[in-house]
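Heads up, the thing below is written out as structure tokens.
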Amino acid sequence: MNAMKVAKVLGWVSIGLGLSELVAPGALARFLGVRRGTGLLRAYGLREIAAGVGILTRANPTPWVWAR
């Protein structure tokens, strides 16, 4: 698998992880054993989605991969 394919997979994983952090932060916090911080998980979700979109839409995804 070449680097661009790995980057695309990472972009889709980032979007999936970000959506789970955004849509169900309470369930994810319980799964991770975190008592509080659902607002922080939502913020991480937005950052993760932004990184995923950046990876998938740019000709050179390297800076966005590093942003993850």
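Residues in the structure tokens are numbered from 1 in each chain, the chains being A, B, ... in the order shown, and ligands are numbered from 1 in the order shown.
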
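Neighbours of Gly26 of chain A closer than or equal to 10 Å, with only C-alpha atoms counted and sequence neighbours fewer than 3 positions away skipped, come out as Glu21, Leu22, Val23, Ala29, Arg30, Phe31, Leu32, Val34, Arg35, Arg36, Gly37, Thr38, Gly39, Leu41 and Arg42 of chain A.
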
key: Non-local contacts of Ile49 of chain A (8 Å; only C-alpha atoms; under 2 positions in same chain excluded) as number ranges by chain   = A: 14-19, 45-47, 51-53

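Taking atom CA of Trp64 of chain A and atom CA of Ala50 of chain A as endpoints, the distance between them is 8.7 Å.
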
Per-residue DSSP, chain A, filtered to alpha helix (DSSP H), as a compact mmCIF listing (two decimals) with all heavy atoms, in the first residue's frame:
# COMPACT_ATOMS: atom_id res chain seq x y z
N ALA A 3 1.87 5.45 0.14
CA ALA A 3 1.64 6.49 1.15
C ALA A 3 0.33 7.24 0.95
O ALA A 3 -0.34 7.60 1.93
CB ALA A 3 2.81 7.46 1.16
N MET A 4 -0.06 7.47 -0.30
CA MET A 4 -1.31 8.21 -0.55
C MET A 4 -2.53 7.38 -0.12
O MET A 4 -3.49 7.92 0.41
CB MET A 4 -1.42 8.61 -2.01
CG MET A 4 -0.48 9.73 -2.41
SD MET A 4 -0.69 11.24 -1.42
CE MET A 4 -2.21 11.85 -2.11
N LYS A 5 -2.48 6.08 -0.35
CA LYS A 5 -3.58 5.22 0.09
C LYS A 5 -3.67 5.18 1.61
O LYS A 5 -4.77 5.22 2.17
CB LYS A 5 -3.43 3.82 -0.47
CG LYS A 5 -3.73 3.71 -1.95
CD LYS A 5 -3.65 2.28 -2.42
CE LYS A 5 -3.94 2.21 -3.91
NZ LYS A 5 -3.87 0.83 -4.40
N VAL A 6 -2.52 5.11 2.26
CA VAL A 6 -2.51 5.12 3.73
C VAL A 6 -3.07 6.44 4.24
O VAL A 6 -3.86 6.47 5.20
CB VAL A 6 -1.08 4.89 4.26
CG1 VAL A 6 -1.01 5.11 5.77
CG2 VAL A 6 -0.60 3.49 3.91
N ALA A 7 -2.71 7.54 3.59
CA ALA A 7 -3.23 8.85 3.99
C ALA A 7 -4.75 8.91 3.82
O ALA A 7 -5.45 9.45 4.69
CB ALA A 7 -2.56 9.96 3.19
N LYS A 8 -5.25 8.37 2.74
CA LYS A 8 -6.71 8.38 2.51
C LYS A 8 -7.43 7.57 3.59
O LYS A 8 -8.45 8.00 4.12
CB LYS A 8 -7.05 7.83 1.12
CG LYS A 8 -6.55 8.65 -0.02
CD LYS A 8 -7.30 9.94 -0.14
CE LYS A 8 -6.77 10.72 -1.34
NZ LYS A 8 -7.36 12.03 -1.48
N VAL A 9 -6.90 6.40 3.91
CA VAL A 9 -7.49 5.59 4.98
C VAL A 9 -7.45 6.35 6.29
O VAL A 9 -8.44 6.38 7.04
CB VAL A 9 -6.78 4.22 5.09
CG1 VAL A 9 -7.20 3.48 6.34
CG2 VAL A 9 -7.04 3.38 3.85
N LEU A 10 -6.33 6.98 6.58
CA LEU A 10 -6.20 7.76 7.81
C LEU A 10 -7.20 8.91 7.82
O LEU A 10 -7.78 9.23 8.87
CB LEU A 10 -4.78 8.29 7.95
CG LEU A 10 -4.45 9.01 9.23
CD1 LEU A 10 -4.67 8.13 10.45
CD2 LEU A 10 -3.01 9.50 9.20
N GLY A 11 -7.44 9.52 6.68
CA GLY A 11 -8.43 10.60 6.59
C GLY A 11 -9.82 10.12 6.93
O GLY A 11 -10.55 10.76 7.70
N TRP A 12 -10.21 8.95 6.39
CA TRP A 12 -11.54 8.41 6.70
C TRP A 12 -11.64 7.96 8.16
O TRP A 12 -12.69 8.15 8.79
CB TRP A 12 -11.89 7.26 5.75
CG TRP A 12 -12.25 7.77 4.39
CD1 TRP A 12 -11.55 7.62 3.24
CD2 TRP A 12 -13.41 8.55 4.05
NE1 TRP A 12 -12.20 8.25 2.20
CE2 TRP A 12 -13.35 8.83 2.67
CE3 TRP A 12 -14.48 9.04 4.78
CZ2 TRP A 12 -14.32 9.57 2.01
CZ3 TRP A 12 -15.46 9.78 4.13
CH2 TRP A 12 -15.36 10.04 2.76
N VAL A 13 -10.58 7.40 8.69
CA VAL A 13 -10.58 7.02 10.11
C VAL A 13 -10.72 8.26 10.98
O VAL A 13 -11.44 8.25 11.98
CB VAL A 13 -9.31 6.21 10.46
CG1 VAL A 13 -9.14 6.04 11.96
CG2 VAL A 13 -9.33 4.86 9.78
N SER A 14 -10.04 9.32 10.60
CA SER A 14 -10.13 10.57 11.36
C SER A 14 -11.57 11.11 11.37
O SER A 14 -12.07 11.55 12.41
CB SER A 14 -9.21 11.64 10.76
OG SER A 14 -7.87 11.28 10.92
N ILE A 15 -12.21 11.07 10.24
CA ILE A 15 -13.59 11.55 10.17
C ILE A 15 -14.50 10.66 11.01
O ILE A 15 -15.35 11.16 11.76
CB ILE A 15 -14.07 11.63 8.70
CG1 ILE A 15 -13.33 12.78 8.00
CG2 ILE A 15 -15.58 11.83 8.63
CD1 ILE A 15 -13.57 12.87 6.52
N GLY A 16 -14.33 9.36 10.93
CA GLY A 16 -15.14 8.45 11.75
C GLY A 16 -14.94 8.65 13.23
O GLY A 16 -15.90 8.71 14.01
N LEU A 17 -13.68 8.77 13.64
CA LEU A 17 -13.38 9.00 15.06
C LEU A 17 -13.94 10.35 15.50
O LEU A 17 -14.52 10.47 16.59
CB LEU A 17 -11.88 8.94 15.28
CG LEU A 17 -11.38 9.22 16.70
CD1 LEU A 17 -11.96 8.20 17.67
CD2 LEU A 17 -9.87 9.20 16.74
N GLY A 18 -13.76 11.36 14.67
CA GLY A 18 -14.27 12.69 15.01
C GLY A 18 -15.78 12.70 15.15
O GLY A 18 -16.32 13.33 16.07
N LEU A 19 -16.48 11.99 14.27
CA LEU A 19 -17.94 11.93 14.37
C LEU A 19 -18.37 11.23 15.65
O LEU A 19 -19.32 11.67 16.31
CB LEU A 19 -18.52 11.22 13.15
CG LEU A 19 -18.56 12.02 11.87
CD1 LEU A 19 -19.02 11.14 10.71
CD2 LEU A 19 -19.46 13.23 12.01
N SER A 20 -17.67 10.17 16.03
CA SER A 20 -18.04 9.49 17.28
C SER A 20 -17.79 10.40 18.48
O SER A 20 -18.58 10.40 19.43
CB SER A 20 -17.28 8.18 17.43
OG SER A 20 -15.91 8.40 17.63
N GLU A 21 -16.73 11.18 18.45
CA GLU A 21 -16.45 12.11 19.54
C GLU A 21 -17.48 13.24 19.58
O GLU A 21 -17.83 13.72 20.65
CB GLU A 21 -15.05 12.71 19.39
CG GLU A 21 -13.95 11.72 19.63
CD GLU A 21 -12.58 12.24 19.28
OE1 GLU A 21 -12.46 13.13 18.40
OE2 GLU A 21 -11.60 11.75 19.86
N LEU A 22 -17.96 13.63 18.42
CA LEU A 22 -18.92 14.72 18.34
C LEU A 22 -20.34 14.27 18.68
O LEU A 22 -21.06 14.96 19.39
CB LEU A 22 -18.88 15.29 16.92
CG LEU A 22 -19.33 16.72 16.71
CD1 LEU A 22 -18.49 17.67 17.51
CD2 LEU A 22 -19.23 17.06 15.23
N VAL A 23 -20.75 13.10 18.20
CA VAL A 23 -22.12 12.63 18.34
C VAL A 23 -22.38 11.97 19.70
O VAL A 23 -23.44 12.15 20.29
CB VAL A 23 -22.47 11.66 17.19
CG1 VAL A 23 -23.82 11.02 17.40
CG2 VAL A 23 -22.44 12.40 15.87
N PRO A 25 -20.20 11.86 22.85
CA PRO A 25 -19.05 12.05 23.74
C PRO A 25 -19.24 11.37 25.10
O PRO A 25 -18.27 10.91 25.70
CB PRO A 25 -18.95 13.57 23.88
CG PRO A 25 -20.33 14.06 23.60
CD PRO A 25 -20.89 13.11 22.58
N GLY A 26 -20.48 11.29 25.58
CA GLY A 26 -20.71 10.65 26.88
C GLY A 26 -20.40 9.16 26.84
O GLY A 26 -19.73 8.63 27.73
N ALA A 27 -20.87 8.48 25.82
CA ALA A 27 -20.60 7.05 25.67
C ALA A 27 -19.11 6.80 25.49
O ALA A 27 -18.56 5.86 26.06
CB ALA A 27 -21.39 6.49 24.50
N LEU A 28 -18.46 7.63 24.70
CA LEU A 28 -17.02 7.47 24.49
C LEU A 28 -16.26 7.73 25.79
O LEU A 28 -15.32 6.99 26.11
CB LEU A 28 -16.54 8.41 23.39
CG LEU A 28 -15.09 8.28 22.98
CD1 LEU A 28 -14.79 6.87 22.46
CD2 LEU A 28 -14.73 9.31 21.92
N ALA A 29 -16.67 8.74 26.54
CA ALA A 29 -16.01 9.02 27.82
C ALA A 29 -16.16 7.84 28.79
O ALA A 29 -15.20 7.46 29.45
CB ALA A 29 -16.60 10.30 28.45
N ARG A 30 -17.35 7.26 28.85
CA ARG A 30 -17.54 6.08 29.71
C ARG A 30 -16.67 4.92 29.24
O ARG A 30 -16.05 4.23 30.05
CB ARG A 30 -19.01 5.67 29.72
CG ARG A 30 -19.87 6.56 30.60
CD ARG A 30 -21.28 6.00 30.78
NE ARG A 30 -22.00 5.83 29.52
CZ ARG A 30 -22.63 6.81 28.88
NH1 ARG A 30 -22.63 8.04 29.39
NH2 ARG A 30 -23.27 6.58 27.75
N PHE A 31 -16.61 4.70 27.94
CA PHE A 31 -15.79 3.63 27.39
C PHE A 31 -14.32 3.82 27.75
O PHE A 31 -13.61 2.86 28.05
CB PHE A 31 -15.96 3.56 25.87
CG PHE A 31 -15.08 2.55 25.20
CD1 PHE A 31 -15.36 1.20 25.29
CD2 PHE A 31 -13.97 2.96 24.47
CE1 PHE A 31 -14.54 0.27 24.67
CE2 PHE A 31 -13.15 2.04 23.86
CZ PHE A 31 -13.43 0.69 23.96
N LEU A 32 -13.87 5.06 27.71
CA LEU A 32 -12.47 5.37 28.02
C LEU A 32 -12.20 5.47 29.51
O LEU A 32 -11.05 5.58 29.93
CB LEU A 32 -12.06 6.68 27.34
CG LEU A 32 -12.07 6.67 25.82
CD1 LEU A 32 -11.82 8.07 25.28
CD2 LEU A 32 -11.05 5.69 25.29
N THR A 38 -16.72 15.86 28.46
CA THR A 38 -17.40 15.62 27.18
C THR A 38 -17.25 16.82 26.25
O THR A 38 -17.20 16.65 25.04
CB THR A 38 -18.88 15.28 27.38
OG1 THR A 38 -19.52 16.31 28.12
CG2 THR A 38 -19.03 13.95 28.11
N GLY A 39 -17.17 18.02 26.81
CA GLY A 39 -16.95 19.20 25.98
C GLY A 39 -15.60 19.14 25.28
O GLY A 39 -15.47 19.50 24.11
N LEU A 40 -14.60 18.67 26.01
CA LEU A 40 -13.27 18.52 25.44
C LEU A 40 -13.26 17.45 24.35
O LEU A 40 -12.63 17.62 23.30
CB LEU A 40 -12.26 18.17 26.53
CG LEU A 40 -10.80 18.10 26.13
CD1 LEU A 40 -10.34 19.44 25.57
CD2 LEU A 40 -9.95 17.70 27.32
N LEU A 41 -14.00 16.36 24.58
CA LEU A 41 -14.10 15.32 23.55
C LEU A 41 -14.76 15.86 22.29
O LEU A 41 -14.35 15.51 21.17
CB LEU A 41 -14.88 14.11 24.07
CG LEU A 41 -14.09 13.16 24.96
CD1 LEU A 41 -15.01 12.10 25.54
CD2 LEU A 41 -12.96 12.52 24.19
N ARG A 42 -15.76 16.70 22.44
CA ARG A 42 -16.39 17.31 21.26
C ARG A 42 -15.41 18.20 20.51
O ARG A 42 -15.38 18.21 19.28
CB ARG A 42 -17.61 18.12 21.68
CG ARG A 42 -18.80 17.27 21.95
CD ARG A 42 -20.07 18.10 21.97
NE ARG A 42 -21.20 17.22 22.03
CZ ARG A 42 -22.05 17.18 23.04
NH1 ARG A 42 -21.91 17.99 24.06
NH2 ARG A 42 -23.06 16.34 23.01
N ALA A 43 -14.59 18.95 21.25
CA ALA A 43 -13.58 19.79 20.60
C ALA A 43 -12.57 18.94 19.86
O ALA A 43 -12.17 19.26 18.73
CB ALA A 43 -12.87 20.66 21.65
N TYR A 44 -12.15 17.83 20.46
CA TYR A 44 -11.25 16.90 19.77
C TYR A 44 -11.91 16.35 18.51
O TYR A 44 -11.25 16.13 17.50
CB TYR A 44 -10.84 15.75 20.68
CG TYR A 44 -9.85 16.09 21.76
CD1 TYR A 44 -9.83 15.37 22.94
CD2 TYR A 44 -8.94 17.13 21.62
CE1 TYR A 44 -8.92 15.67 23.94
CE2 TYR A 44 -8.03 17.44 22.60
CZ TYR A 44 -8.02 16.70 23.77
OH TYR A 44 -7.12 16.99 24.76
N GLY A 45 -13.21 16.10 18.60
CA GLY A 45 -13.95 15.60 17.45
C GLY A 45 -13.91 16.57 16.29
O GLY A 45 -13.69 16.18 15.14
N LEU A 46 -14.12 17.84 16.58
CA LEU A 46 -14.06 18.86 15.51
C LEU A 46 -12.67 18.93 14.90
O LEU A 46 -12.52 19.01 13.67
CB LEU A 46 -14.46 20.22 16.07
CG LEU A 46 -15.93 20.40 16.41
CD1 LEU A 46 -16.15 21.75 17.09
CD2 LEU A 46 -16.78 20.29 15.15
N ARG A 47 -11.64 18.88 15.75
CA ARG A 47 -10.27 18.91 15.24
C ARG A 47 -9.98 17.69 14.38
O ARG A 47 -9.36 17.78 13.33
CB ARG A 47 -9.29 18.97 16.42
CG ARG A 47 -7.84 19.02 15.96
CD ARG A 47 -6.88 18.65 17.07
NE ARG A 47 -7.10 17.32 17.59
CZ ARG A 47 -6.55 16.21 17.08
NH1 ARG A 47 -5.80 16.28 16.02
NH2 ARG A 47 -6.79 15.04 17.61
N GLU A 48 -10.47 16.54 14.82
CA GLU A 48 -10.23 15.29 14.09
C GLU A 48 -10.93 15.31 12.73
O GLU A 48 -10.36 14.88 11.73
CB GLU A 48 -10.73 14.12 14.93
CG GLU A 48 -10.19 12.79 14.52
CD GLU A 48 -8.71 12.64 14.81
OE1 GLU A 48 -8.23 13.08 15.85
OE2 GLU A 48 -8.03 12.04 13.95
N ILE A 49 -12.16 15.81 12.70
CA ILE A 49 -12.88 15.93 11.42
C ILE A 49 -12.16 16.89 10.49
O ILE A 49 -12.02 16.62 9.29
CB ILE A 49 -14.34 16.36 11.67
CG1 ILE A 49 -15.11 15.22 12.35
CG2 ILE A 49 -15.02 16.76 10.36
CD1 ILE A 49 -16.47 15.62 12.87
N ALA A 50 -11.70 18.02 11.02
CA ALA A 50 -10.97 18.99 10.19
C ALA A 50 -9.71 18.36 9.61
O ALA A 50 -9.40 18.55 8.42
CB ALA A 50 -10.63 20.23 11.00
N ALA A 51 -8.99 17.61 10.42
CA ALA A 51 -7.77 16.94 9.93
C ALA A 51 -8.13 15.92 8.85
O ALA A 51 -7.45 15.82 7.82
CB ALA A 51 -7.03 16.27 11.08
N GLY A 52 -9.19 15.16 9.06
CA GLY A 52 -9.61 14.18 8.07
C GLY A 52 -9.99 14.81 6.74
O GLY A 52 -9.60 14.33 5.67
N VAL A 53 -10.75 15.89 6.81
CA VAL A 53 -11.14 16.59 5.58
C VAL A 53 -9.90 17.16 4.89
O VAL A 53 -9.77 17.08 3.67
CB VAL A 53 -12.17 17.69 5.90
CG1 VAL A 53 -12.39 18.61 4.71
CG2 VAL A 53 -13.49 17.07 6.34
N GLY A 54 -8.99 17.71 5.67
CA GLY A 54 -7.74 18.23 5.10
C GLY A 54 -6.94 17.15 4.41
O GLY A 54 -6.40 17.35 3.32
N ILE A 55 -6.85 15.98 5.02
CA ILE A 55 -6.12 14.87 4.43
C ILE A 55 -6.76 14.44 3.11
O ILE A 55 -6.07 14.18 2.13
CB ILE A 55 -6.06 13.67 5.41
CG1 ILE A 55 -5.15 14.01 6.60
CG2 ILE A 55 -5.57 12.41 4.72
CD1 ILE A 55 -5.22 13.01 7.74
N LEU A 56 -8.08 14.37 3.10
CA LEU A 56 -8.78 13.86 1.91
C LEU A 56 -8.88 14.85 0.77
O LEU A 56 -9.04 14.46 -0.39
CB LEU A 56 -10.18 13.39 2.30
CG LEU A 56 -10.24 12.16 3.21
CD1 LEU A 56 -11.66 11.92 3.68
CD2 LEU A 56 -9.67 10.95 2.52
N THR A 57 -8.79 16.14 1.05
CA THR A 57 -9.03 17.13 0.00
C THR A 57 -7.77 17.80 -0.54
O THR A 57 -7.86 18.52 -1.54
CB THR A 57 -9.99 18.23 0.50
OG1 THR A 57 -9.42 18.89 1.63
CG2 THR A 57 -11.34 17.63 0.86
N THR A 62 0.40 15.79 3.73
CA THR A 62 1.39 15.65 4.80
C THR A 62 1.17 16.58 5.98
O THR A 62 1.18 16.13 7.13
CB THR A 62 2.81 15.83 4.23
OG1 THR A 62 3.01 14.89 3.18
CG2 THR A 62 3.87 15.63 5.30
N PRO A 63 0.94 17.89 5.78
CA PRO A 63 0.71 18.76 6.95
C PRO A 63 -0.52 18.35 7.76
O PRO A 63 -0.51 18.46 8.99
CB PRO A 63 0.52 20.15 6.34
CG PRO A 63 1.09 20.07 4.97
CD PRO A 63 0.96 18.66 4.54
N TRP A 64 -1.53 17.87 7.09
CA TRP A 64 -2.75 17.46 7.79
C TRP A 64 -2.54 16.15 8.54
O TRP A 64 -3.12 15.96 9.61
CB TRP A 64 -3.90 17.35 6.79
CG TRP A 64 -4.29 18.69 6.30
CD1 TRP A 64 -3.92 19.28 5.13
CD2 TRP A 64 -5.11 19.65 6.98
NE1 TRP A 64 -4.45 20.54 5.05
CE2 TRP A 64 -5.19 20.78 6.17
CE3 TRP A 64 -5.79 19.63 8.20
CZ2 TRP A 64 -5.92 21.91 6.54
CZ3 TRP A 64 -6.51 20.76 8.56
CH2 TRP A 64 -6.57 21.87 7.74
N VAL A 65 -1.73 15.27 8.00
CA VAL A 65 -1.40 14.04 8.73
C VAL A 65 -0.66 14.39 10.00
O VAL A 65 -0.92 13.86 11.07
CB VAL A 65 -0.59 13.07 7.84
CG1 VAL A 65 -0.07 11.90 8.65
CG2 VAL A 65 -1.44 12.56 6.68
N TRP A 66 0.28 15.33 9.90
CA TRP A 66 1.02 15.77 11.09
C TRP A 66 0.11 16.50 12.07
O TRP A 66 0.35 16.46 13.28
CB TRP A 66 2.20 16.66 10.69
CG TRP A 66 3.37 15.86 10.24
CD1 TRP A 66 3.78 15.66 8.96
CD2 TRP A 66 4.26 15.12 11.06
NE1 TRP A 66 4.88 14.84 8.93
CE2 TRP A 66 5.20 14.50 10.21
CE3 TRP A 66 4.37 14.91 12.43
CZ2 TRP A 66 6.22 13.69 10.70
CZ3 TRP A 66 5.39 14.11 12.91
CH2 TRP A 66 6.31 13.51 12.04
N ALA A 67 -0.93 17.14 11.59
CA ALA A 67 -1.87 17.84 12.48
C ALA A 67 -2.63 16.86 13.36
O ALA A 67 -3.09 17.20 14.44
CB ALA A 67 -2.86 18.67 11.67
